[in-house]
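Q: To start, I am sharing the structure in question, which I have written as structure tokens.
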Number of protein chains: 2
Amino acid sequence: MSDIPYKIYLDESEMPKAWYNLRADMKNKPAPLLNPGTHQPMKAEELAPVFCDELIKQELDNDTPYFEIPQEIREFYKMYRPSPLVRAYCLEQKLGTPAHIYYKFEGNNTSGSHKLNSAIAQAYYAKKQGLKGVTTETGAGQWGTALSMACSYFDLDCKVYMVKVSYEQKPFRREVMRTYGASVTPSPSMETEVGKRILAAHPGTTGSLGCAISEAVEVATSTPGYRYVLGSVLNQVLLHQSVIGLETKTALDKYGVKPDVIIGCAGGGSNLGGLIAPFMGQKLRGEADYRIVAVEPASCPSFTRGKFAYDFCDTGMVCPLAKMYTLGSNFIPAPNHAGGLRYHGMSSILSQLYHDGYMEATSVPQTKVFEAAEQFARVEGILPAPESAHAIRVAIDEALKCKETGEAKNIVFGLTGTGYFDMVAYEKFHDGLMDDYIPTDAELEASFATLPKVD
Amino acid sequence: MSDIPYKIYLDESEMPKAWYNLRADMKNKPAPLLNPGTHQPMKAEELAPVFCDELIKQELDNDTPYFEIPQEIREFYKMYRPSPLVRAYCLEQKLGTPAHIYYKFEGNNTSGSHKLNSAIAQAYYAKKQGLKGVTTETGAGQWGTALSMACSYFDLDCKVYMVKVSYEQKPFRREVMRTYGASVTPSPSMETEVGKRILAAHPGTTGSLGCAISEAVEVATSTPGYRYVLGSVLNQVLLHQSVIGLETKTALDKYGVKPDVIIGCAGGGSNLGGLIAPFMGQKLRGEADYRIVAVEPASCPSFTRGKFAYDFCDTGMVCPLAKMYTLGSNFIPAPNHAGGLRYHGMSSILSQLYHDGYMEATSVPQTKVFEAAEQFARVEGILPAPESAHAIRVAIDEALKCKETGEAKNIVFGLTGTGYFDMVAYEKFHDGLMDDYIPTDAELEASFATLPKVD
């Protein structure tokens with residue numbers, strides 16, 4: 001057994017004091033958000049009715065490499081951070097691989113995922129601006145839970161629009177949000193104009209993330225003292241999530257471990273963008289090289305089968321246009337149990353990096369993901385969220401390749417959260433009722449046809 | 001802000017290498033288990049058909065102060081231990097108390113509670129003995145989950161008898177156990193003689209812990225290669241759980257903190273007995289003094305309203321008799337959402353210590369417990385199990401007393417687990433549908449009448 005402990009915990013004094021802005025090191029900056037009407041880059045004043053002022057600054061700043069983490073946020077981080085970097089000794093042994101597997105575990109807080117890292121930052125800036133509350137959407141519920149916790153801490157009102165099918169299937173998620181004082185509305189609802197419009201066009205719809213975003217934005221912009229906040233995709237979110245990667249790098253450096261491959265699941269990109277940030281920074285500056293792999297579900301393959309184009313971020317088409325790998329804003333992924341990976345688009349930062357060849361992407365079918373999840377749970381003792389299990393699947397596959405070649409590679413992956421609220425999915429898997437639907441080329445082509453024309 | 005971090009994590013090298021056997025320092029030893037037929041102390045060979053051999057040794061040994069923790073168990077402990085000792089800075093601030101509040105958080109593993117500490121030990125000894133599998137009962141499901149994890153790790157078969165009402169109300173708990181490969185049967189079942197007898201006498205019964213114990217014992221003793229294991233009450237369990245207290249003491253000593261009061265919830269006593277072990281040891285040896293407080297639900301008040309007497313451990317009356325504070329083995333507590341605190345009896349060790357005046361006990365009504373749980377969740381970011389919230393309630397009350405008196409007392413409590421699978425209870429609380437049923441004196445008297453006559 002090596003000297004590396006099972007869990008590497010940093011001291012609080014080793015926690016990052018600043019977020020790292022990956023964009024500062026990108027030669028090709030991510031494309032700007034565009035006004036959906038004029039197709040001109042969005043200015044700060046145009047974004048001001050939607051987002052908090054300080055967050056707009058962070059969103060638009062492609063040059064400042066570090067943003068100091070305010071003291072209040074650092075205090076909150078101490079409640080659940082530093083998160084452990086775990087050496088998966090038990091998994092390595094079970095696989096019989098010479099590879100060394102590490103995972104950064106972000107599920108050790110009540111929200112159950114990494115989402116809290118950005119939620120507390122966004123709540124802090126909303127409070128600082130003197131706002132009364134914020135609105136947001138949630139699918140699987142991890143972001144909504146995280147934001148509820150953050151708002152409760154800063155005594156802000158929190159209105160969550162939850163995709164209707166999740167609202168009904170995950171009453172416990174809803175109840176956790178209520179415990180933290182949030183109001184939770186199934187989306188689409190009759191509370192908003194866009195909700196009424198969608199319900200009229202599609203009676204009986206069970207909702208989608210894109211639709212819930214439209215509702216949350218409408219309420220934020222039409223209610224005095226409110227702004228809208230988002231848990232993924234945006235540049236600001238990746239900035240906040242850089243704490244994951246910064247801690248991971250500090251912990252690995254401490255033990256002289258250099259990763260060969262870094263793996264993360266990718267829905268909107270919040271976890272992957274955060275995990276890889278400092279490593280990608282080195283790569284962009286030519287200081288080090290790493291294989292970096294994004295893993296997405298085969299049922300919602302933005303990177304691997306999407307188009308790199310400007311697209312709407314929401315179904316109601318009220319949000320700015322973003323340039324990203326997208327399946328089209330009308331794309332409805334097949335029922336997949338990784339709710340956090342069902343978004344049609346992808347972070348503009350990661351999209352640009354992928355386009356420029358700095359990272360790889362792969363997609364995996366659902367049942368293979370749950371096989372990996374169960375295998376991992378049994379030996380590592382953590383029940384992973386279906387989203388996180390996408391990264392586990394590929395980490396295990398990489399470790400098995402090492403078994404064949406005899407290479408002792410260092411494999412690092414992000415374990416974004418726990419699956420306590422996903423037992424319906426595990427049950428389907430156990431009962432052999434889980435399928436592996438993959439969209440056809442024709443379906444994707446039909447969806448691409450809805451992409452806006454941008455010169 | 002003081003120098004004490006939010007979370008005190010010990011190094012792996014500081015983890016206990018031996019369990020501490022509190023009984024070695026007790027002048028009045030806990031009364032022995034009695035054969036229910038002869039009323040004579042149970043001998044090892046009488047217990048052998050039920051329990052694993054090594055565990056029987058631990059059960060009967062009142063003298064050896066330390067038992068070395070086998071290397072294999074210490075390796076497993078590293079998967080989720082050392083657990084953090086958290087300074088509740090946020091809670092202190094919210095309460096405006098000069099008190100310093102610390103909690104030992106045992107919920108950071110998939111079983112969601114401290115139960116894993118003993119489950120892995122019991123599975124290890126079963127494996128070492130060459131057994132094929134183990135049987136057990138579970139109520140709230142934390143013990144069943146922990147044992148499933150432990151058995152999966154050592155490749156042992158695991159049969160769980162789950163109180164029927166929990167089986168139906170907590171399908172997700174059941175599914176986690178299945179993820180770890182356990183079979184889960186609702187109890188009472190038609191699989192056992194005792195189950196059939198109980199169902200014939202009480203058709204439509206939703207079961208009880210005492211009934212599930214009877215079934216699990218019957219299956220263990222009638223199936224070759226199987227033994228029965230139990231997650232609380234027994235001396236061996238408190239022995240294993242001493243890791244909680246040993247780590248807590250090491251962490252406090254490291255920062256020169258001496259607790260004034262140590263608080264734990266008490267159902268069968270596994271968590272409380274483990275948490276207080278080294279502190280109680282000092283107290284028994286006259287080296288230090290601490291207030292030690294057991295907290296139980298007002299609906300199941302074994303310490304505060306029970307009798308100190310020999311009683312049956314199970315409903316089917318197939319188990320040995322134990323001397324303990326008990327409400328009578330026929331006592332059916334009112335529906336209370338802290339399933340882990342609904343047992344009619346209490347650890348013989350803790351019962352003796354309470355009887356001898358070494359500790360206090362108090363009971364709290366359910367709604368006050370959930371008020372504390374919600375208050376705690378909002379500021380400390382951990383959603384507590386209802387069981388754990390009993391200790392939180394009393395810790396907050398103690399901190400508020402300090403606010404009145406201006407004393408900066410050190411309050412330490414055990415946060416045994418998380419409440420992810422208890423959202424139905426939280427929902428009832430939010431909706432104002434939770435009641436505070438307390439048994440009447442007449443009900444208790446009727447139940448005491450069933451106590452066996454032991455000279």
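Residues in the structure tokens are numbered from 1 in each chain, the chains being A, B, ... in the order shown, and ligands are numbered from 1 in the order shown.
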Which residues of chain B are close to chain A, meaning at most 9 Å apart when you count only C-alpha atoms, and how do they look as number ranges by chain?
A: B: 5-7, 9, 11-12, 75-76, 78-81, 86, 88-90, 108-111, 149-150, 152-153, 171-173, 175-176, 178-181, 374, 377-383, 418, 420-424, 426-427, 430
Q: Apply DSSP to the structure's backbone, then extract all residues of stretch 104-299 of chain B labelled helix (DSSP H, G or I) and return them as a ChimeraX atom specification.
A: /B:116-128,142-154,164-169,171-179,193-201,209-222,235-254,270-284
Q: Determine, counting only C-alpha atoms, which protein, DNA and RNA residues have an atom within 7 Å of an atom of stretch 231-241 of chain A; residues of the same chain fewer than 4 positions away are not included. Present the result as a list in words.
A: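 So, after excluding close chain neighbours, the residues are Trp19, Tyr20, Asn21, Leu55, Gln58, Glu59, Lys115, Asn117, Ser118, Trp143, Gly268, Gly269, Ser270, Asn271, Gly273, Gly274, Met346, Ser347 and Ile349 of chain A.
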Q: Run DSSP on the backbone and give me the residues of stretch 199-403 of chain B it puts in strand (DSSP E), as a ChimeraX atom specification.
A: /B:226-228,261-265,291-297,307-312,321-326,360-364
Q: Taking only C-alpha atoms into account, produce a table as a tab-separated table in which each residue of stretch 273-299 of chain B with an atom at most 10 Å from an atom of stretch 322-343 of chain B appears once, together with its shortest atom pair and the distance in Å to one decimal, ordered by chain and rising number.
A:
residue	atom	partner	partner_atom	distance
B:Val295	CA	B:Leu341	CA	9.8
B:Glu296	CA	B:Leu341	CA	7.0
B:Pro297	CA	B:Leu341	CA	7.0
B:Ala298	CA	B:Asn336	CA	9.6
B:Ser299	CA	B:Pro333	CA	6.2
Q: Could you give me, as a list in words, the residues within 8 Å of B:Glu68, counting only C-alpha atoms and dropping anything in the same chain fewer than 2 positions from it?
A: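 So, after excluding close chain neighbours, the residues are Lys17, Ala18, Trp19, Tyr66 and Pro70 of chain B.
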Q: So which residues touch stretch 354-365 of chain A within 10 Å, counting only C-alpha atoms, skipping near sequence neighbours fewer than 4 positions away, as a PyMOL selection string?
A: chain A and resi 27-28+262-266+280+283-284+289-305+308+324-325+336+348-350+369-370+390-391+393-394+435-438
Q: What is the atom CA of A:Met42-atom CA of A:Tyr226 distance in Å, reported with one decimal?
A: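 Going from atom CA of A:Met42 over to atom CA of A:Tyr226 covers 20.0 Å.
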Q: Name all residues at most 12 Å from B:Glu45 (count only C-alpha atoms; drop same-chain ones fewer than 4 positions away) and give them as a ChimeraX atom specification.
A: /B:35,41,49-54,56-57,60
Q: In Å to one decimal, how far is atom CA of A:Leu85 from atom CA of B:Met15?
A: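 Pair atom CA of B:Met15 / atom CA of A:Leu85 returns 18.4 Å.
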